[in-house]
Amino acid sequence: MNRAKTFRYGGLSLEGMKAWPIPSPIANAFLPSSALVVLKQHKGPACRCVVAKGDVVREGSLLGKGEKPGSVHIHAPVPGMVQDILQVKLASGESVEAVRIDLKGSFDKLGKREERYIWKSMSSVDMVQALREKGVVEMSASGLPLADLALARKGVAVLVLNGVESEPYLRTEKTVLRERSREVLEGFEIIRSLVRPQRAVIALEEDDENELAEVPGILGEMESPPEKLILEARYPQDMPRQLASVLQPGRHTLSGEDIFILSPSTVLAVYEALVLAKPLVERYVTIAGGAIKRPSVLKARIGTLIGDLVEECGGFIGVPEKIVLGGPLRGEPVHSLDAPITKLTASVIALTNEETRSRSRNACIRCGRCAEVCPERLLPADIYRFIGKGRMEEARGFGLDLCTSCGACGYICPSRLPLVEAFQTCGKTKEVSK
Ligand code: SF4
Ligand code: SF4
């Protein structure tokens, strides 16, 4: 039996906040009668719109061309008519161009028998081209075009399929791995054949081993299966530097740059692009948190409104104190429930007052708890103090640039000081993973 491993310094145990049952099989969200497809669903510049008001589009038709570095193509998630091209606000508040499609006509792929293509006979040039054509993006951390990342990380030391979600409530990736094990592992083999890493690893959390019962069987059938890495349930176990320290403990020669981490959602999109010739038009989304009536993981079409997914989960219990995209520790605030989900929306978490532990701020009491939990071995209270006094050189000297914005210090601080917010506002923190 594999013994669970974990990183050495700092970290949090968030067990009490993590467990909630996920129904199986996962439900498909209702199809949106009107899909709002934004033309920026990646970290690079927005796509060029290639449709006009009144155009009839099919499921998977090209709506936006990703022509600039860092952009990917965007396709129609539903068939119908382009009802409008307009400016909308993303959940983050950013204003972007969007295409509104009124659902009409029949689906080309949904509910139809799928034709399969043999990726093993494709050249790597064709594979990269297929990833570009189908608009595949890295769906959890960087939001960059996967084709570019795969080329840039060729020959990387370790390629990791990350089945760990160490923040509370997040179940998207574990669900994708559980529900679509075979496709995910084939997608991982495709990307592995393209990247040709020195090692390939699948990371799982110890408590999930039973839930992912199919995975060992599928690994057993593989010619050269990835190594299985079992990790303790500890936050932030899934960040690059913490994963790197576990992959090569002791002399610690691996850095976060030496590993290329991909989520099950991303490699599922790889599988669908190359084996089913399907563009990226849907994704699994966790809708959870104490303020959601029936927490769920839903498979939703891109362009569905966040508010509609919340309604599908029974709506709110009372008034949520805070709604975030991502997890409670690292998530970004949601500014509007009328914003649509994009390729990068893995979760919507609505938190109660109790969960946000919101209460008035007090002065630092020098308790040292923030330093105890910092996985980067920084002294957050000191960095915060220097920032407050405008002494940026000293803040940097205390490791400001090494902060990964994991949020562990802010979570544990009994004085509720906005530590991470202050570090991020300085614009000097390097966000390694979201
Ligand atoms: S947010 Fe930065 S300073 Fe705070 S615990 Fe994480 S790495 Fe350390
Ligand atoms: S946890 Fe908060 S109160 Fe304690 S030392 Fe750190 S900043 Fe100060």
# chains A, B, ... in the order shown; residues from 1 in each chain; ligands from 1
>>> residues_around(residues="range 134-151 of chain A", least_positions_apart="3", cutoff="8 Å", atoms="only C-alpha atoms", output="PyMOL selection string")
chain A and resi 41-44+70-75+128-131+154+191+194-195+262-263+265-266+269-270+273+277-280+343-344+346+432-434
>>> write_last_selection(atoms="N, CA, C and O atoms", output="compact mmCIF listing (two decimals), in the first residue's frame")
# COMPACT_ATOMS: atom_id res chain seq x y z
N GLN A 41 -11.86 33.73 -23.04
CA GLN A 41 -12.01 32.64 -22.06
C GLN A 41 -10.64 32.05 -21.77
O GLN A 41 -10.48 30.84 -21.61
N HIS A 42 -9.64 32.89 -21.76
CA HIS A 42 -8.25 32.49 -21.61
C HIS A 42 -7.51 33.70 -21.06
O HIS A 42 -8.09 34.77 -20.92
N LYS A 43 -6.21 33.53 -20.78
CA LYS A 43 -5.49 34.66 -20.18
C LYS A 43 -5.02 35.69 -21.21
O LYS A 43 -4.75 36.83 -20.87
N GLY A 44 -4.92 35.32 -22.47
CA GLY A 44 -4.44 36.25 -23.51
C GLY A 44 -5.52 37.22 -23.96
O GLY A 44 -6.60 37.29 -23.38
N GLY A 70 -1.44 33.76 -26.87
CA GLY A 70 -2.17 33.59 -25.61
C GLY A 70 -3.67 33.44 -25.77
O GLY A 70 -4.40 33.28 -24.79
N SER A 71 -4.16 33.48 -27.03
CA SER A 71 -5.61 33.35 -27.26
C SER A 71 -5.95 31.99 -27.85
O SER A 71 -5.12 31.40 -28.54
N VAL A 72 -7.17 31.54 -27.62
CA VAL A 72 -7.63 30.29 -28.24
C VAL A 72 -8.97 30.55 -28.94
O VAL A 72 -9.68 31.50 -28.59
N HIS A 73 -9.30 29.71 -29.90
CA HIS A 73 -10.58 29.84 -30.60
C HIS A 73 -11.73 29.56 -29.62
O HIS A 73 -11.59 28.78 -28.67
N ILE A 74 -12.88 30.16 -29.95
CA ILE A 74 -14.09 29.95 -29.14
C ILE A 74 -15.22 29.51 -30.06
O ILE A 74 -15.41 30.07 -31.14
N HIS A 75 -15.95 28.49 -29.61
CA HIS A 75 -16.98 27.86 -30.47
C HIS A 75 -18.37 27.99 -29.84
O HIS A 75 -18.50 28.20 -28.63
N VAL A 128 -0.94 19.17 -32.25
CA VAL A 128 -0.89 20.57 -31.81
C VAL A 128 -1.95 21.37 -32.57
O VAL A 128 -2.68 22.18 -32.00
N GLN A 129 -2.04 21.11 -33.86
CA GLN A 129 -3.02 21.81 -34.69
C GLN A 129 -4.44 21.52 -34.21
O GLN A 129 -5.28 22.43 -34.12
N ALA A 130 -4.72 20.25 -33.86
CA ALA A 130 -6.06 19.88 -33.39
C ALA A 130 -6.37 20.58 -32.07
O ALA A 130 -7.50 21.06 -31.86
N LEU A 131 -5.39 20.68 -31.17
CA LEU A 131 -5.62 21.38 -29.89
C LEU A 131 -5.95 22.85 -30.14
O LEU A 131 -6.82 23.42 -29.49
N LYS A 154 8.04 20.78 -23.45
CA LYS A 154 8.56 19.52 -24.03
C LYS A 154 9.76 19.03 -23.23
O LYS A 154 10.65 19.80 -22.91
N ILE A 191 -1.33 13.74 -24.17
CA ILE A 191 -0.48 14.89 -23.86
C ILE A 191 0.92 14.42 -23.46
O ILE A 191 1.92 15.06 -23.75
N LEU A 194 2.95 13.88 -26.46
CA LEU A 194 3.34 15.15 -27.08
C LEU A 194 4.48 15.80 -26.29
O LEU A 194 5.44 16.30 -26.86
N VAL A 195 4.38 15.78 -24.98
CA VAL A 195 5.35 16.48 -24.12
C VAL A 195 6.61 15.64 -23.88
O VAL A 195 7.70 16.17 -23.69
N LEU A 262 -1.38 19.26 -14.92
CA LEU A 262 -2.62 19.39 -15.69
C LEU A 262 -3.79 18.80 -14.91
O LEU A 262 -3.64 17.80 -14.21
N SER A 263 -4.93 19.44 -15.03
CA SER A 263 -6.12 18.97 -14.31
C SER A 263 -6.83 17.92 -15.15
O SER A 263 -6.71 17.90 -16.39
N SER A 265 -9.90 17.99 -15.97
CA SER A 265 -10.75 18.70 -16.94
C SER A 265 -9.97 19.02 -18.20
O SER A 265 -10.48 18.90 -19.32
N THR A 266 -8.72 19.46 -18.03
CA THR A 266 -7.91 19.82 -19.19
C THR A 266 -7.62 18.60 -20.06
O THR A 266 -7.76 18.66 -21.29
N ALA A 269 -10.53 17.52 -22.03
CA ALA A 269 -10.70 18.36 -23.24
C ALA A 269 -9.74 17.92 -24.34
O ALA A 269 -10.09 17.95 -25.53
N VAL A 270 -8.55 17.47 -23.96
CA VAL A 270 -7.58 16.95 -24.93
C VAL A 270 -8.15 15.71 -25.61
O VAL A 270 -8.13 15.57 -26.84
N ALA A 273 -10.97 16.62 -27.95
CA ALA A 273 -10.49 17.32 -29.15
C ALA A 273 -9.88 16.34 -30.15
O ALA A 273 -10.15 16.41 -31.35
N ALA A 277 -12.97 14.75 -31.96
CA ALA A 277 -12.98 15.96 -32.79
C ALA A 277 -14.00 16.99 -32.28
O ALA A 277 -14.71 17.63 -33.06
N LYS A 278 -14.06 17.12 -30.96
CA LYS A 278 -15.07 17.98 -30.34
C LYS A 278 -14.42 19.24 -29.77
O LYS A 278 -13.47 19.15 -28.99
N PRO A 279 -14.91 20.41 -30.14
CA PRO A 279 -14.36 21.63 -29.52
C PRO A 279 -14.77 21.75 -28.06
O PRO A 279 -15.71 21.09 -27.62
N LEU A 280 -14.06 22.61 -27.35
CA LEU A 280 -14.33 22.77 -25.92
C LEU A 280 -15.54 23.69 -25.74
O LEU A 280 -15.42 24.92 -25.81
N LYS A 343 -14.59 28.70 -20.10
CA LYS A 343 -13.75 27.50 -20.05
C LYS A 343 -12.99 27.42 -18.72
O LYS A 343 -12.57 26.34 -18.31
N LEU A 344 -12.78 28.57 -18.08
CA LEU A 344 -11.96 28.60 -16.86
C LEU A 344 -12.78 28.58 -15.57
O LEU A 344 -12.22 28.67 -14.49
N ALA A 346 -14.27 26.71 -12.91
CA ALA A 346 -14.33 25.35 -12.33
C ALA A 346 -15.31 25.27 -11.18
O ALA A 346 -15.83 24.20 -10.88
N VAL A 432 1.28 31.34 -8.53
CA VAL A 432 1.78 30.13 -9.16
C VAL A 432 0.63 29.24 -9.60
O VAL A 432 0.67 28.60 -10.63
N SER A 433 -0.44 29.21 -8.83
CA SER A 433 -1.55 28.36 -9.18
C SER A 433 -2.80 28.94 -8.57
O SER A 433 -2.75 29.58 -7.54
N LYS A 434 -3.97 28.64 -9.24
CA LYS A 434 -5.23 29.14 -8.71
C LYS A 434 -6.08 28.02 -8.24
O LYS A 434 -6.18 27.03 -8.88
>>> select_by_dssp(residues="range 179-337 of chain A", states="strand (DSSP E)", output="CSV table (one decimal) with all heavy atoms, in the first residue's frame")
chain,number,residue,atom,x,y,z
A,199,ARG,N,9.3,11.9,-16.4
A,199,ARG,CA,8.4,11.0,-15.5
A,199,ARG,C,6.9,11.5,-15.7
A,199,ARG,O,6.7,12.7,-16.0
A,199,ARG,CB,8.7,11.2,-14.0
A,199,ARG,CG,10.0,10.6,-13.6
A,199,ARG,CD,10.3,11.1,-12.2
A,199,ARG,NE,9.4,10.6,-11.1
A,199,ARG,CZ,9.4,11.1,-9.9
A,199,ARG,NH1,10.2,12.1,-9.5
A,199,ARG,NH2,8.5,10.7,-9.0
A,200,ALA,N,6.0,10.5,-15.6
A,200,ALA,CA,4.6,10.9,-15.6
A,200,ALA,C,4.0,10.4,-14.3
A,200,ALA,O,4.2,9.2,-13.9
A,200,ALA,CB,3.9,10.3,-16.8
A,201,VAL,N,3.2,11.2,-13.7
A,201,VAL,CA,2.7,10.9,-12.3
A,201,VAL,C,1.2,11.3,-12.3
A,201,VAL,O,0.8,12.3,-12.8
A,201,VAL,CB,3.4,11.8,-11.3
A,201,VAL,CG1,2.8,11.7,-9.9
A,201,VAL,CG2,4.9,11.4,-11.2
A,202,ILE,N,0.4,10.4,-11.6
A,202,ILE,CA,-1.0,10.8,-11.3
A,202,ILE,C,-1.1,11.0,-9.8
A,202,ILE,O,-0.7,10.1,-9.0
A,202,ILE,CB,-2.0,9.8,-11.8
A,202,ILE,CG1,-3.4,10.1,-11.3
A,202,ILE,CG2,-1.7,8.3,-11.4
A,202,ILE,CD1,-4.5,9.3,-11.9
A,203,ALA,N,-1.5,12.2,-9.3
A,203,ALA,CA,-1.5,12.6,-7.9
A,203,ALA,C,-3.0,12.5,-7.4
A,203,ALA,O,-3.9,13.0,-8.0
A,203,ALA,CB,-1.0,14.0,-7.7
A,204,LEU,N,-3.2,11.7,-6.3
A,204,LEU,CA,-4.5,11.5,-5.8
A,204,LEU,C,-4.4,11.8,-4.3
A,204,LEU,O,-3.4,11.6,-3.6
A,204,LEU,CB,-5.0,10.0,-6.0
A,204,LEU,CG,-5.0,9.5,-7.4
A,204,LEU,CD1,-5.3,8.0,-7.4
A,204,LEU,CD2,-6.0,10.2,-8.2
A,205,GLU,N,-5.6,12.2,-3.7
A,205,GLU,CA,-5.6,12.5,-2.3
A,205,GLU,C,-6.0,11.1,-1.6
A,205,GLU,O,-6.8,10.4,-2.1
A,205,GLU,CB,-6.7,13.5,-2.0
A,205,GLU,CG,-6.3,14.4,-0.8
A,205,GLU,CD,-7.3,15.6,-0.7
A,205,GLU,OE1,-8.4,15.4,-0.2
A,205,GLU,OE2,-6.9,16.7,-1.2
A,227,GLU,N,3.2,6.9,-12.7
A,227,GLU,CA,3.4,6.5,-11.2
A,227,GLU,C,2.2,7.1,-10.4
A,227,GLU,O,1.7,8.2,-10.7
A,227,GLU,CB,4.6,7.2,-10.7
A,227,GLU,CG,5.9,6.9,-11.3
A,227,GLU,CD,7.0,7.9,-10.9
A,227,GLU,OE1,7.0,8.4,-9.8
A,227,GLU,OE2,7.8,8.3,-11.8
A,228,LYS,N,1.8,6.3,-9.4
A,228,LYS,CA,0.7,6.8,-8.6
A,228,LYS,C,1.3,7.5,-7.3
A,228,LYS,O,2.1,6.9,-6.7
A,228,LYS,CB,-0.2,5.7,-8.1
A,228,LYS,CG,-1.6,6.1,-7.9
A,228,LYS,CD,-2.6,4.9,-8.0
A,228,LYS,CE,-2.5,4.1,-6.7
A,228,LYS,NZ,-3.7,3.2,-6.5
A,229,LEU,N,0.9,8.8,-7.1
A,229,LEU,CA,1.4,9.5,-5.9
A,229,LEU,C,0.2,9.8,-5.0
A,229,LEU,O,-0.7,10.5,-5.4
A,229,LEU,CB,2.0,10.8,-6.4
A,229,LEU,CG,2.5,11.8,-5.3
A,229,LEU,CD1,3.7,11.2,-4.6
A,229,LEU,CD2,2.9,13.1,-5.9
A,230,ILE,N,0.2,9.2,-3.8
A,230,ILE,CA,-0.9,9.4,-2.9
A,230,ILE,C,-0.5,10.5,-1.9
A,230,ILE,O,0.6,10.4,-1.2
A,230,ILE,CB,-1.2,8.1,-2.1
A,230,ILE,CG1,-1.5,7.0,-3.1
A,230,ILE,CG2,-2.4,8.4,-1.2
A,230,ILE,CD1,-2.7,7.3,-4.0
A,231,LEU,N,-1.3,11.5,-1.8
A,231,LEU,CA,-1.0,12.7,-1.0
A,231,LEU,C,-1.9,12.9,0.2
A,231,LEU,O,-3.1,12.5,0.1
A,231,LEU,CB,-1.0,14.0,-1.8
A,231,LEU,CG,0.0,14.0,-3.0
A,231,LEU,CD1,-0.3,15.1,-4.0
A,231,LEU,CD2,1.4,14.2,-2.4
A,259,ILE,N,7.9,20.9,-13.1
A,259,ILE,CA,6.8,20.1,-13.2
A,259,ILE,C,5.7,20.8,-14.0
A,259,ILE,O,5.5,22.0,-13.9
A,259,ILE,CB,6.2,19.5,-11.9
A,259,ILE,CG1,5.8,20.6,-11.0
A,259,ILE,CG2,7.3,18.7,-11.2
A,259,ILE,CD1,5.2,20.1,-9.7
A,260,PHE,N,5.0,20.0,-14.8
A,260,PHE,CA,3.9,20.5,-15.6
A,260,PHE,C,2.6,19.9,-15.1
A,260,PHE,O,2.5,18.7,-15.3
A,260,PHE,CB,4.2,20.2,-17.1
A,260,PHE,CG,3.2,20.7,-18.1
A,260,PHE,CD1,2.3,21.7,-17.8
A,260,PHE,CD2,3.2,20.1,-19.4
A,260,PHE,CE1,1.4,22.2,-18.8
A,260,PHE,CE2,2.3,20.5,-20.3
A,260,PHE,CZ,1.4,21.6,-20.1
A,261,ILE,N,1.8,20.7,-14.5
A,261,ILE,CA,0.6,20.1,-13.8
A,261,ILE,C,-0.6,20.3,-14.7
A,261,ILE,O,-0.9,21.4,-15.1
A,261,ILE,CB,0.4,20.8,-12.5
A,261,ILE,CG1,1.6,20.7,-11.6
A,261,ILE,CG2,-0.8,20.2,-11.7
A,261,ILE,CD1,1.6,21.4,-10.3
A,262,LEU,N,-1.4,19.3,-14.9
A,262,LEU,CA,-2.6,19.4,-15.7
A,262,LEU,C,-3.8,18.8,-14.9
A,262,LEU,O,-3.6,17.8,-14.2
A,262,LEU,CB,-2.5,18.7,-17.0
A,262,LEU,CG,-1.5,19.3,-18.0
A,262,LEU,CD1,-1.3,18.4,-19.2
A,262,LEU,CD2,-2.0,20.7,-18.5
A,282,GLU,N,-18.2,22.7,-23.2
A,282,GLU,CA,-18.9,22.4,-22.0
A,282,GLU,C,-17.8,22.1,-20.9
A,282,GLU,O,-16.7,21.8,-21.2
A,282,GLU,CB,-19.9,21.3,-22.1
A,282,GLU,CG,-19.3,20.0,-22.5
A,282,GLU,CD,-20.3,18.9,-22.8
A,282,GLU,OE1,-21.5,19.1,-22.6
A,282,GLU,OE2,-19.9,17.8,-23.2
A,283,ARG,N,-18.2,22.2,-19.6
A,283,ARG,CA,-17.3,21.9,-18.6
A,283,ARG,C,-18.1,21.5,-17.3
A,283,ARG,O,-19.2,21.8,-17.2
A,283,ARG,CB,-16.3,23.0,-18.3
A,283,ARG,CG,-16.8,24.3,-17.8
A,283,ARG,CD,-15.7,24.9,-17.0
A,283,ARG,NE,-15.2,24.0,-16.0
A,283,ARG,CZ,-13.9,23.9,-15.7
A,283,ARG,NH1,-13.0,24.7,-16.3
A,283,ARG,NH2,-13.5,23.1,-14.8
A,284,TYR,N,-17.4,20.8,-16.4
A,284,TYR,CA,-17.9,20.4,-15.1
A,284,TYR,C,-17.7,21.6,-14.2
A,284,TYR,O,-16.6,22.2,-14.2
A,284,TYR,CB,-17.3,19.2,-14.6
A,284,TYR,CG,-17.6,17.9,-15.3
A,284,TYR,CD1,-17.1,17.6,-16.6
A,284,TYR,CD2,-18.6,17.0,-14.8
A,284,TYR,CE1,-17.4,16.4,-17.2
A,284,TYR,CE2,-18.9,15.9,-15.5
A,284,TYR,CZ,-18.3,15.6,-16.7
A,284,TYR,OH,-18.7,14.4,-17.4
A,285,VAL,N,-18.7,21.9,-13.4
A,285,VAL,CA,-18.6,23.1,-12.5
A,285,VAL,C,-19.1,22.7,-11.1
A,285,VAL,O,-20.2,22.1,-11.0
A,285,VAL,CB,-19.4,24.3,-13.0
A,285,VAL,CG1,-19.1,25.5,-12.1
A,285,VAL,CG2,-19.1,24.6,-14.4
A,286,THR,N,-18.4,22.9,-10.0
A,286,THR,CA,-18.9,22.7,-8.7
A,286,THR,C,-19.7,24.0,-8.3
A,286,THR,O,-19.2,25.1,-8.4
A,286,THR,CB,-17.7,22.6,-7.7
A,286,THR,OG1,-16.9,21.5,-8.0
A,286,THR,CG2,-18.2,22.4,-6.3
A,287,ILE,N,-20.9,23.7,-7.8
A,287,ILE,CA,-21.7,24.8,-7.2
A,287,ILE,C,-21.9,24.4,-5.7
A,287,ILE,O,-22.6,23.4,-5.4
A,287,ILE,CB,-23.1,25.0,-7.9
A,287,ILE,CG1,-22.9,25.0,-9.4
A,287,ILE,CG2,-23.8,26.2,-7.3
A,287,ILE,CD1,-22.3,26.3,-10.0
A,288,ALA,N,-21.2,25.1,-4.8
A,288,ALA,CA,-21.2,24.6,-3.4
A,288,ALA,C,-21.0,25.8,-2.5
A,288,ALA,O,-21.0,26.9,-2.9
A,288,ALA,CB,-20.2,23.5,-3.3
A,296,SER,N,-23.8,20.8,-5.7
A,296,SER,CA,-23.7,19.8,-6.8
A,296,SER,C,-22.5,20.0,-7.6
A,296,SER,O,-21.9,21.1,-7.6
A,296,SER,CB,-24.9,19.8,-7.7
A,296,SER,OG,-26.1,19.8,-7.0
A,297,VAL,N,-22.2,19.0,-8.4
A,297,VAL,CA,-21.3,19.2,-9.6
A,297,VAL,C,-22.1,19.0,-10.8
A,297,VAL,O,-22.8,18.0,-11.0
A,297,VAL,CB,-20.1,18.3,-9.6
A,297,VAL,CG1,-19.2,18.5,-10.8
A,297,VAL,CG2,-19.3,18.4,-8.3
A,298,LEU,N,-22.2,20.0,-11.7
A,298,LEU,CA,-23.0,20.0,-12.9
A,298,LEU,C,-22.1,20.0,-14.1
A,298,LEU,O,-21.1,20.7,-14.1
A,298,LEU,CB,-24.0,21.2,-12.9
A,298,LEU,CG,-25.0,21.3,-11.8
A,298,LEU,CD1,-25.7,22.6,-11.9
A,298,LEU,CD2,-26.0,20.2,-11.9
A,299,LYS,N,-22.6,19.3,-15.2
A,299,LYS,CA,-21.9,19.4,-16.5
A,299,LYS,C,-22.7,20.5,-17.3
A,299,LYS,O,-23.9,20.3,-17.6
A,299,LYS,CB,-22.0,18.1,-17.2
A,299,LYS,CG,-21.2,18.0,-18.4
A,299,LYS,CD,-21.2,16.6,-18.9
A,299,LYS,CE,-20.8,16.4,-20.3
A,299,LYS,NZ,-21.3,15.2,-20.9
A,300,ALA,N,-22.1,21.6,-17.5
A,300,ALA,CA,-22.8,22.7,-18.1
A,300,ALA,C,-22.2,23.2,-19.4
A,300,ALA,O,-21.0,23.1,-19.6
A,300,ALA,CB,-22.8,23.9,-17.1
A,301,ARG,N,-23.1,23.7,-20.3
A,301,ARG,CA,-22.6,24.4,-21.5
A,301,ARG,C,-21.9,25.7,-21.2
A,301,ARG,O,-22.5,26.5,-20.3
A,301,ARG,CB,-23.8,24.6,-22.5
A,301,ARG,CG,-24.3,23.3,-23.0
A,301,ARG,CD,-23.7,22.8,-24.3
A,301,ARG,NE,-23.7,21.4,-24.4
A,301,ARG,CZ,-23.3,20.7,-25.5
A,301,ARG,NH1,-22.9,21.4,-26.6
A,301,ARG,NH2,-23.3,19.4,-25.5
A,322,LYS,N,-20.3,36.0,0.8
A,322,LYS,CA,-19.3,36.1,-0.3
A,322,LYS,C,-19.5,35.0,-1.3
A,322,LYS,O,-19.8,33.9,-0.9
A,322,LYS,CB,-18.0,36.0,0.4
A,322,LYS,CG,-16.8,36.4,-0.4
A,322,LYS,CD,-15.5,36.3,0.4
A,322,LYS,CE,-14.3,36.5,-0.4
A,322,LYS,NZ,-13.1,36.2,0.4
A,323,ILE,N,-19.4,35.4,-2.6
A,323,ILE,CA,-19.4,34.4,-3.6
A,323,ILE,C,-18.1,34.5,-4.4
A,323,ILE,O,-17.7,35.6,-4.8
A,323,ILE,CB,-20.6,34.6,-4.6
A,323,ILE,CG1,-21.9,34.7,-3.8
A,323,ILE,CG2,-20.7,33.5,-5.6
A,323,ILE,CD1,-23.1,35.1,-4.7
A,324,VAL,N,-17.5,33.3,-4.6
A,324,VAL,CA,-16.2,33.3,-5.3
A,324,VAL,C,-16.1,32.3,-6.4
A,324,VAL,O,-16.8,31.3,-6.4
A,324,VAL,CB,-15.0,33.0,-4.3
A,324,VAL,CG1,-14.8,34.2,-3.3
A,324,VAL,CG2,-15.1,31.7,-3.6
A,325,LEU,N,-15.3,32.6,-7.4
A,325,LEU,CA,-15.0,31.6,-8.4
A,325,LEU,C,-13.7,31.0,-7.9
A,325,LEU,O,-12.7,31.7,-7.7
A,325,LEU,CB,-14.7,32.3,-9.8
A,325,LEU,CG,-15.8,33.0,-10.5
A,325,LEU,CD1,-15.3,33.5,-11.9
A,325,LEU,CD2,-17.0,32.0,-10.7
A,332,GLU,N,-11.6,34.2,-6.6
A,332,GLU,CA,-11.8,35.6,-6.9
A,332,GLU,C,-13.3,35.9,-6.7
A,332,GLU,O,-14.2,35.2,-7.1
A,332,GLU,CB,-11.5,35.8,-8.4
A,332,GLU,CG,-10.0,35.7,-8.6
A,332,GLU,CD,-9.7,35.8,-10.1
A,332,GLU,OE1,-10.6,36.1,-10.9
A,332,GLU,OE2,-8.5,35.7,-10.4
A,333,PRO,N,-13.6,37.1,-6.2
A,333,PRO,CA,-15.0,37.5,-5.9
A,333,PRO,C,-15.8,37.5,-7.2
A,333,PRO,O,-15.3,37.9,-8.3
A,333,PRO,CB,-14.9,38.9,-5.3
A,333,PRO,CG,-13.5,39.1,-5.1
A,333,PRO,CD,-12.7,38.2,-5.8
>>> select_by_dssp(residues="range 151-187 of chain A", states="alpha helix (DSSP H)", output="list of chain:residue names")
A:Leu151, A:Ala152, A:Thr172, A:Glu173, A:Lys174, A:Thr175, A:Val176, A:Leu177, A:Arg178, A:Glu179, A:Ser181, A:Arg182, A:Glu183, A:Val184, A:Leu185, A:Glu186, A:Gly187
>>> residues_near_ligand(ligand="ligand 2", cutoff="7 Å", atoms="only C-alpha atoms and all ligand atoms", output="PyMOL selection string")
chain A and resi 363-371+380-381+409+412-417
>>> residues_near_ligand(ligand="ligand 1", cutoff="8 Å", atoms="only C-alpha atoms and all ligand atoms", output="list in words")
Gly10, Gly11, Cys370, Ala371, Val373, Cys374, Pro375, Glu376, Arg377, Leu378, Leu379, Pro380, Leu400, Leu402, Cys403, Thr404, Ser405, Cys406, Gly407, Ala408, Cys409, Gly410, Leu419, Val420 and Phe423 of chain A
>>> write_last_selection(atoms="N, CA and C atoms", output="compact mmCIF listing (two decimals), in the first residue's frame")
# COMPACT_ATOMS: atom_id res chain seq x y z
N GLY A 10 4.68 24.21 6.91
CA GLY A 10 3.43 24.95 6.95
C GLY A 10 2.23 24.13 6.49
N GLY A 11 1.22 24.83 6.01
CA GLY A 11 0.02 24.15 5.51
C GLY A 11 -1.09 24.11 6.56
N CYS A 370 0.47 32.91 11.40
CA CYS A 370 0.62 33.05 9.95
C CYS A 370 1.95 32.45 9.48
N ALA A 371 3.00 32.64 10.27
CA ALA A 371 4.31 32.08 9.90
C ALA A 371 4.29 30.55 10.01
N VAL A 373 1.86 28.52 9.35
CA VAL A 373 1.16 27.84 8.25
C VAL A 373 1.73 28.18 6.87
N CYS A 374 2.62 29.16 6.79
CA CYS A 374 3.11 29.57 5.47
C CYS A 374 3.96 28.46 4.84
N PRO A 375 3.53 27.89 3.72
CA PRO A 375 4.29 26.79 3.11
C PRO A 375 5.60 27.25 2.49
N GLU A 376 5.74 28.58 2.31
CA GLU A 376 6.97 29.12 1.72
C GLU A 376 7.94 29.59 2.80
N ARG A 377 7.62 29.35 4.03
CA ARG A 377 8.46 29.70 5.19
C ARG A 377 8.72 31.21 5.28
N LEU A 378 7.70 31.99 4.93
CA LEU A 378 7.82 33.45 5.02
C LEU A 378 7.30 33.93 6.38
N LEU A 379 7.48 35.21 6.62
CA LEU A 379 6.97 35.82 7.85
C LEU A 379 5.90 36.84 7.43
N PRO A 380 4.67 36.37 7.19
CA PRO A 380 3.65 37.26 6.62
C PRO A 380 3.40 38.50 7.46
N LEU A 400 8.58 38.86 -0.14
CA LEU A 400 7.29 39.17 -0.79
C LEU A 400 7.15 38.50 -2.15
N LEU A 402 8.25 35.80 -3.15
CA LEU A 402 8.11 34.33 -3.09
C LEU A 402 6.70 33.89 -2.70
N CYS A 403 5.89 34.86 -2.30
CA CYS A 403 4.52 34.53 -1.88
C CYS A 403 3.74 33.98 -3.07
N THR A 404 3.04 32.88 -2.88
CA THR A 404 2.27 32.27 -3.96
C THR A 404 0.78 32.60 -3.86
N SER A 405 0.42 33.51 -2.96
CA SER A 405 -0.99 33.90 -2.75
C SER A 405 -1.86 32.72 -2.35
N CYS A 406 -1.30 31.80 -1.59
CA CYS A 406 -2.10 30.62 -1.23
C CYS A 406 -3.22 30.97 -0.26
N GLY A 407 -3.05 32.02 0.51
CA GLY A 407 -4.12 32.47 1.41
C GLY A 407 -4.13 31.80 2.78
N ALA A 408 -3.19 30.91 3.05
CA ALA A 408 -3.20 30.19 4.34
C ALA A 408 -3.02 31.16 5.51
N CYS A 409 -2.16 32.16 5.34
CA CYS A 409 -1.90 33.10 6.45
C CYS A 409 -3.16 33.91 6.78
N GLY A 410 -3.83 34.42 5.74
CA GLY A 410 -5.03 35.22 5.97
C GLY A 410 -6.13 34.38 6.60
N LEU A 419 -3.98 39.97 4.79
CA LEU A 419 -2.57 39.76 4.45
C LEU A 419 -2.39 39.55 2.95
N VAL A 420 -3.09 38.57 2.40
CA VAL A 420 -2.88 38.23 0.99
C VAL A 420 -3.30 39.38 0.08
N PHE A 423 -0.55 41.71 -0.10
CA PHE A 423 0.58 41.21 -0.89
C PHE A 423 0.25 41.29 -2.39
>>> atom_distance(atom1="CA of Pro79 in chain A", atom2="CA of Glu312 in chain A")
22.0 Å
>>> atom_distance(atom1="CA of Gly105 in chain A", atom2="CA of Leu62 in chain A")
16.8 Å
>>> closest_residue(among="A:Asp338, A:Pro418, A:Tyr384, A:Ala4", to="Arg361 in chain A", atoms="only C-alpha atoms")
A:Pro418
>>> closest_residue(among="A:Gly303, A:Gly290, A:Gly163, A:Gly187", to="Val319 in chain A", atoms="only C-alpha atoms")
A:Gly290
>>> residues_around(residues="Glu189 in chain A", least_positions_apart="5", cutoff="9 Å", atoms="only C-alpha atoms", output="list in words")
Val184, Leu194, Pro225, Pro226 and Val267 of chain A
>>> closest_residue(among="A:Ala46, A:Leu305, A:Val164, A:Val158", to="Ala244 in chain A", atoms="only C-alpha atoms")
A:Val158
